[in-house]
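J.: Okay, so here is query29.cif, and as you'll see once you scroll down, it has mmCIF, C-alpha atoms.
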```cif
data_structure
#
loop_
_atom_site.group_PDB
_atom_site.id
_atom_site.type_symbol
_atom_site.label_atom_id
_atom_site.label_comp_id
_atom_site.auth_asym_id
_atom_site.auth_seq_id
_atom_site.Cartn_x
_atom_site.Cartn_y
_atom_site.Cartn_z
ATOM 1 C CA MET A 1 -33.032 -23.036 25.773
ATOM 2 C CA GLN A 2 -32.579 -23.706 22.037
ATOM 3 C CA LEU A 3 -33.346 -20.061 21.219
ATOM 4 C CA LEU A 4 -30.703 -18.910 23.683
ATOM 5 C CA LEU A 5 -28.150 -21.281 22.126
ATOM 6 C CA GLY A 6 -29.020 -19.927 18.671
ATOM 7 C CA VAL A 7 -28.519 -16.349 19.854
ATOM 8 C CA ASN A 8 -25.140 -17.254 21.359
ATOM 9 C CA VAL A 9 -23.989 -18.902 18.107
ATOM 10 C CA TYR A 10 -25.192 -15.892 16.087
ATOM 11 C CA TYR A 11 -23.438 -13.504 18.496
ATOM 12 C CA LYS A 12 -20.191 -15.503 18.266
ATOM 13 C CA GLN A 13 -20.374 -15.504 14.461
ATOM 14 C CA GLN A 14 -20.911 -11.733 14.438
ATOM 15 C CA LYS A 15 -18.069 -11.218 16.896
ATOM 16 C CA ASP A 16 -15.737 -13.421 14.791
ATOM 17 C CA LEU A 17 -16.738 -11.534 11.632
ATOM 18 C CA ILE A 18 -16.000 -8.179 13.251
ATOM 19 C CA ALA A 19 -12.643 -9.442 14.537
ATOM 20 C CA TRP A 20 -11.787 -10.779 11.046
ATOM 21 C CA MET A 21 -12.782 -7.476 9.404
ATOM 22 C CA PHE A 22 -10.686 -5.541 11.920
ATOM 23 C CA THR A 23 -7.693 -7.789 11.227
ATOM 24 C CA ILE A 24 -8.046 -7.256 7.474
ATOM 25 C CA ASN A 25 -8.279 -3.471 7.947
ATOM 26 C CA VAL A 26 -5.205 -3.410 10.192
ATOM 27 C CA GLU A 27 -3.218 -5.478 7.690
ATOM 28 C CA ILE A 28 -4.263 -3.275 4.791
ATOM 29 C CA SER A 29 -3.537 -0.178 6.843
ATOM 30 C CA MET A 30 -0.058 -1.387 7.823
ATOM 31 C CA SER A 31 0.839 -2.148 4.215
ATOM 32 C CA ASP A 32 -0.597 1.198 3.098
ATOM 33 C CA GLU A 33 1.278 3.000 5.860
ATOM 34 C CA LEU A 34 4.548 1.405 4.766
ATOM 35 C CA ARG A 35 3.879 2.497 1.181
ATOM 36 C CA LYS A 36 3.153 6.057 2.346
ATOM 37 C CA LYS A 37 6.319 5.987 4.417
ATOM 38 C CA ALA A 38 8.253 4.824 1.336
ATOM 39 C CA ARG A 39 6.930 7.762 -0.686
ATOM 40 C CA ASN A 40 7.724 10.224 2.116
ATOM 41 C CA LEU A 41 11.259 8.891 2.445
ATOM 42 C CA TYR A 42 11.686 9.089 -1.316
ATOM 43 C CA ILE A 43 10.556 12.740 -1.214
ATOM 44 C CA MET A 44 13.118 13.392 1.511
ATOM 45 C CA GLY A 45 15.712 11.766 -0.736
ATOM 46 C CA LEU A 46 14.710 14.056 -3.610
ATOM 47 C CA TYR A 47 15.012 17.080 -1.353
ATOM 48 C CA ALA A 48 18.437 16.017 -0.067
ATOM 49 C CA GLU A 49 19.593 15.312 -3.623
ATOM 50 C CA LYS A 50 18.373 18.723 -4.788
ATOM 51 C CA LYS A 51 20.285 20.401 -1.930
ATOM 52 C CA GLY A 52 23.458 18.417 -2.710
ATOM 53 C CA PHE A 53 23.284 16.319 0.462
ATOM 54 C CA ASN A 54 24.338 13.144 -1.325
ATOM 55 C CA SER A 55 24.751 10.833 1.663
ATOM 56 C CA GLU A 56 21.400 11.894 3.082
ATOM 57 C CA ALA A 57 19.800 11.285 -0.316
ATOM 58 C CA VAL A 58 21.228 7.747 -0.426
ATOM 59 C CA ILE A 59 20.072 7.106 3.139
ATOM 60 C CA ASN A 60 16.502 8.218 2.436
ATOM 61 C CA TYR A 61 16.247 6.444 -0.928
ATOM 62 C CA CYS A 62 17.452 3.237 0.722
ATOM 63 C CA LYS A 63 15.023 3.635 3.609
ATOM 64 C CA ALA A 64 12.259 4.105 1.034
ATOM 65 C CA LEU A 65 13.354 0.832 -0.569
ATOM 66 C CA PHE A 66 13.318 -0.941 2.795
ATOM 67 C CA ALA A 67 9.788 0.342 3.497
ATOM 68 C CA VAL A 68 8.606 -1.029 0.129
ATOM 69 C CA CYS A 69 10.250 -4.365 0.921
ATOM 70 C CA ASP A 70 8.549 -4.453 4.312
ATOM 71 C CA SER A 71 5.197 -3.679 2.683
ATOM 72 C CA PHE A 72 5.785 -6.513 0.217
ATOM 73 C CA LEU A 73 6.666 -8.937 3.029
ATOM 74 C CA LYS A 74 3.642 -7.873 5.078
ATOM 75 C CA GLU A 75 1.354 -8.556 2.122
ATOM 76 C CA LYS A 76 3.007 -11.811 1.054
ATOM 77 C CA ILE A 77 3.838 -13.554 4.340
ATOM 78 C CA ASP A 78 2.202 -11.313 6.963
ATOM 79 C CA MET A 79 5.530 -10.396 8.572
ATOM 80 C CA ILE A 80 7.417 -7.176 9.060
ATOM 81 C CA PRO A 81 11.126 -7.752 9.684
ATOM 82 C CA GLU A 82 12.691 -6.364 12.834
ATOM 83 C CA SER A 83 16.198 -5.955 11.421
ATOM 84 C CA HIS A 84 18.085 -5.666 8.154
ATOM 85 C CA THR A 85 19.313 -9.232 8.628
ATOM 86 C CA GLU A 86 15.781 -10.561 8.964
ATOM 87 C CA ARG A 87 14.628 -8.474 5.968
ATOM 88 C CA PHE A 88 17.372 -9.944 3.768
ATOM 89 C CA ARG A 89 16.648 -13.499 4.928
ATOM 90 C CA LEU A 90 12.911 -13.123 4.233
ATOM 91 C CA LEU A 91 13.488 -11.460 0.852
ATOM 92 C CA GLN A 92 15.923 -14.188 -0.177
ATOM 93 C CA LYS A 93 13.209 -16.794 0.498
ATOM 94 C CA ASN A 94 10.247 -14.849 -0.899
ATOM 95 C CA ASP A 95 11.487 -12.583 -3.702
ATOM 96 C CA VAL A 96 14.957 -13.080 -5.129
ATOM 97 C CA GLN A 97 14.710 -10.010 -7.383
ATOM 98 C CA LEU A 98 14.030 -7.682 -4.447
ATOM 99 C CA TYR A 99 16.727 -9.435 -2.450
ATOM 100 C CA VAL A 100 19.336 -8.855 -5.173
ATOM 101 C CA ILE A 101 18.460 -5.153 -5.458
ATOM 102 C CA CYS A 102 18.688 -4.649 -1.684
ATOM 103 C CA ASP A 103 21.857 -6.710 -1.436
ATOM 104 C CA LYS A 104 23.587 -4.546 -4.054
ATOM 105 C CA LEU A 105 22.437 -1.225 -2.579
ATOM 106 C CA PHE A 106 23.006 -2.049 1.081
ATOM 107 C CA PRO A 107 26.799 -1.470 0.978
ATOM 108 C CA MET A 108 26.156 2.042 -0.395
ATOM 109 C CA TYR A 109 23.734 2.645 2.472
ATOM 110 C CA GLN A 110 26.276 1.395 5.021
ATOM 111 C CA ALA A 111 29.034 3.500 3.469
ATOM 112 C CA THR A 112 27.073 6.660 4.323
ATOM 113 C CA TYR A 113 27.983 6.074 7.978
ATOM 114 C CA THR A 114 31.598 7.054 7.286
ATOM 115 C CA LYS A 115 31.847 8.672 3.856
ATOM 116 C CA ILE A 116 30.087 11.134 1.605
ATOM 117 C CA SER A 117 28.236 9.604 -1.332
ATOM 118 C CA THR A 118 28.877 10.765 -4.872
ATOM 119 C CA GLU A 119 26.271 12.150 -7.266
ATOM 120 C CA LYS A 120 26.718 9.023 -9.374
ATOM 121 C CA GLU A 121 25.897 6.804 -6.367
ATOM 122 C CA VAL A 122 22.818 8.890 -5.578
ATOM 123 C CA GLU A 123 21.598 8.570 -9.162
ATOM 124 C CA HIS A 124 22.222 4.815 -9.187
ATOM 125 C CA VAL A 125 20.331 4.259 -5.921
ATOM 126 C CA ARG A 126 17.436 6.506 -7.000
ATOM 127 C CA LYS A 127 17.041 4.649 -10.310
ATOM 128 C CA ARG A 128 16.991 1.234 -8.621
ATOM 129 C CA VAL A 129 14.455 2.422 -6.047
ATOM 130 C CA CYS A 130 12.294 3.777 -8.885
ATOM 131 C CA GLU A 131 12.369 0.320 -10.497
ATOM 132 C CA VAL A 132 11.058 -1.196 -7.278
ATOM 133 C CA PHE A 133 8.371 1.494 -6.900
ATOM 134 C CA ARG A 134 7.162 0.802 -10.452
ATOM 135 C CA ARG A 135 7.197 -2.944 -9.899
ATOM 136 C CA GLU A 136 5.158 -2.598 -6.706
ATOM 137 C CA GLY A 137 2.712 -0.119 -8.254
ATOM 138 C CA ILE A 138 3.753 2.860 -6.136
ATOM 139 C CA ASP A 139 3.610 6.314 -7.716
ATOM 140 C CA ILE A 140 7.097 7.771 -7.931
ATOM 141 C CA PRO A 141 7.207 11.211 -6.320
ATOM 142 C CA ILE A 142 8.424 14.110 -8.434
ATOM 143 C CA GLU A 143 9.942 17.494 -7.578
ATOM 144 C CA GLU A 144 6.490 19.079 -7.391
ATOM 145 C CA ASP A 145 5.802 16.763 -4.430
ATOM 146 C CA LEU A 146 8.549 18.503 -2.430
#
```
For the structure just supplied, provide its representation as structure tokens.
T.:
Amino acid sequence: MQLLLGVNVYYKQQKDLIAWMFTINVEISMSDELRKKARNLYIMGLYAEKKGFNSEAVINYCKALFAVCDSFLKEKIDMIPESHTERFRLLQKNDVQLYVICDKLFPMYQATYTKISTEKEVEHVRKRVCEVFRREGIDIPIEEDL
């Protein structure tokens, strides 16, 4: 009977370890996937900028920023926001610097719904997103990545 109990405890420990390892891998994968998505969106922004599609460049650069923010939040508090409102609330509590950057760029993102962005706006958004990429240790895509 004692041997059987020992086997059950060992089995439960192994099962818990596997479940824990799977959870860690999923969390790492989700954060990595968000970082990859950020790079892909940034590349799409570069392409749009190169083609003179200013609003589309702003949209994609901003979406890249939001993906980096979501990656940050996943790593720091194990949450991925479901809306812009939730993202801003979580950033305000967990990283004021990221919150301020997003808060200042968000009106430019929203403006793309009804107006065409200028080259100056595109450049401003791209530079701020690059700052966030550098801060978070994400390689900034270049034209050769297109």
J.: Suppose you want the space between atom CA of A:Tyr109 and atom CA of A:Val129; what is it in Å?
T.: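 Interatomic distance, atom CA of A:Tyr109 to atom CA of A:Val129: 12.6 Å.
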J.: Name the residues captured by the PyMOL selection byres ((chain A and resi 63) around 10) when it is applied to the shown file; answer as a list in words.
T.: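 So the PyMOL selection byres ((chain A and resi 63) around 10), applied here, picks out Lys37, Ala38, Asn40, Leu41, Tyr42, Gly45, Ala57, Val58, Ile59, Asn60, Tyr61, Cys62, Ala64, Leu65, Phe66, Ala67, Val68, Cys69, Tyr109 and Val129 of chain A.
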J.: Would you kindly translate the PyMOL selection byres ((chain A and resi 137) around 12) into the concrete residues it picks from this file, as a ChimeraX atom specification?
T.: /A:32,35,39,68,71-72,130-136,138-140
J.: Dump C-alpha atoms for the selected residues as a PDB file, keeping the file's coordinate frame?
T.:
```
ATOM      1  CA  ASP A  32      -0.597   1.198   3.098  1.00  0.00           C
ATOM      2  CA  ARG A  35       3.879   2.497   1.181  1.00  0.00           C
ATOM      3  CA  ARG A  39       6.930   7.762  -0.686  1.00  0.00           C
ATOM      4  CA  VAL A  68       8.606  -1.029   0.129  1.00  0.00           C
ATOM      5  CA  SER A  71       5.197  -3.679   2.683  1.00  0.00           C
ATOM      6  CA  PHE A  72       5.785  -6.513   0.217  1.00  0.00           C
ATOM      7  CA  CYS A 130      12.294   3.777  -8.885  1.00  0.00           C
ATOM      8  CA  GLU A 131      12.369   0.320 -10.497  1.00  0.00           C
ATOM      9  CA  VAL A 132      11.058  -1.196  -7.278  1.00  0.00           C
ATOM     10  CA  PHE A 133       8.371   1.494  -6.900  1.00  0.00           C
ATOM     11  CA  ARG A 134       7.162   0.802 -10.452  1.00  0.00           C
ATOM     12  CA  ARG A 135       7.197  -2.944  -9.899  1.00  0.00           C
ATOM     13  CA  GLU A 136       5.158  -2.598  -6.706  1.00  0.00           C
ATOM     14  CA  ILE A 138       3.753   2.860  -6.136  1.00  0.00           C
ATOM     15  CA  ASP A 139       3.610   6.314  -7.716  1.00  0.00           C
ATOM     16  CA  ILE A 140       7.097   7.771  -7.931  1.00  0.00           C
TER      17      ILE A 140
END
```
J.: Rounded to one decimal in Å, what is the spacing between atom CA of A:Glu143 and atom CA of A:His124?
T.: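 Here the two named atoms are 17.7 Å from each other.
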J.: Mind giving me the straight-line distance from atom CA of A:Ser55 to atom CA of A:Ile80 in Å, one decimal?
T.: 26.1 Å
J.: Applied to this file, what does the PyMOL selection byres ((chain A and resi 118) around 10) return in terms of residues, put as a compact mmCIF listing (two decimals) with C-alpha atoms, keeping the file's coordinate frame?
T.:
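Output contents, as saved in expr-v2.txt:
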```txt
# COMPACT_ATOMS: atom_id res chain seq x y z
CA GLY A 52 23.46 18.42 -2.71
CA PHE A 53 23.28 16.32 0.46
CA ASN A 54 24.34 13.14 -1.32
CA SER A 55 24.75 10.83 1.66
CA VAL A 58 21.23 7.75 -0.43
CA LYS A 115 31.85 8.67 3.86
CA ILE A 116 30.09 11.13 1.60
CA SER A 117 28.24 9.60 -1.33
CA GLU A 119 26.27 12.15 -7.27
CA LYS A 120 26.72 9.02 -9.37
CA GLU A 121 25.90 6.80 -6.37
CA VAL A 122 22.82 8.89 -5.58
CA GLU A 123 21.60 8.57 -9.16
CA HIS A 124 22.22 4.82 -9.19
```
J.: Considering only C-alpha atoms, state which residue in the set A:Leu146, A:Leu105, A:Ile43, A:Leu73 is at the smallest distance from A:Gln92.
T.: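 Of A:Leu146, A:Leu105, A:Ile43, A:Leu73, the one nearest A:Gln92, counting only C-alpha atoms, is A:Leu73.
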J.: Could you tell me which of A:Arg128, A:Lys36, A:Lys74, A:Lys51 comes closest to A:Lys104 if we count all atoms listed in the file?
T.: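 Between A:Arg128, A:Lys36, A:Lys74, A:Lys51, the residue approaching A:Lys104 most closely is A:Arg128.
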J.: Pick the closest to A:Arg87 from A:Leu46, A:Asp145, A:Asp103, A:Ser31: which is it, counting all atoms listed in the file?
T.: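 For A:Arg87, the nearest of the candidates is A:Asp103.
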J.: Using only C-alpha atoms, which of A:Ile101, A:Ala111, A:Leu91, A:Met44 sits nearest A:Lys76?
T.: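 Of all the options, A:Leu91 lies closest to A:Lys76.
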J.: Kindly indicate which residue among A:Glu144, A:Glu33, A:Glu56, A:Asp70 lies nearest to A:Gln110, using only C-alpha atoms for the distances.
T.: A:Glu56
J.: Box along x, y and z, 6 Å on every side, all listed atoms of stretch 55-71 of chain A inside: centre and edge lengths in Å to one decimal, as JSON.
T.:
```
{"center_x": 15.0, "center_y": 3.7, "center_z": 1.7, "size_x": 31.6, "size_y": 28.3, "size_z": 17.2}
```
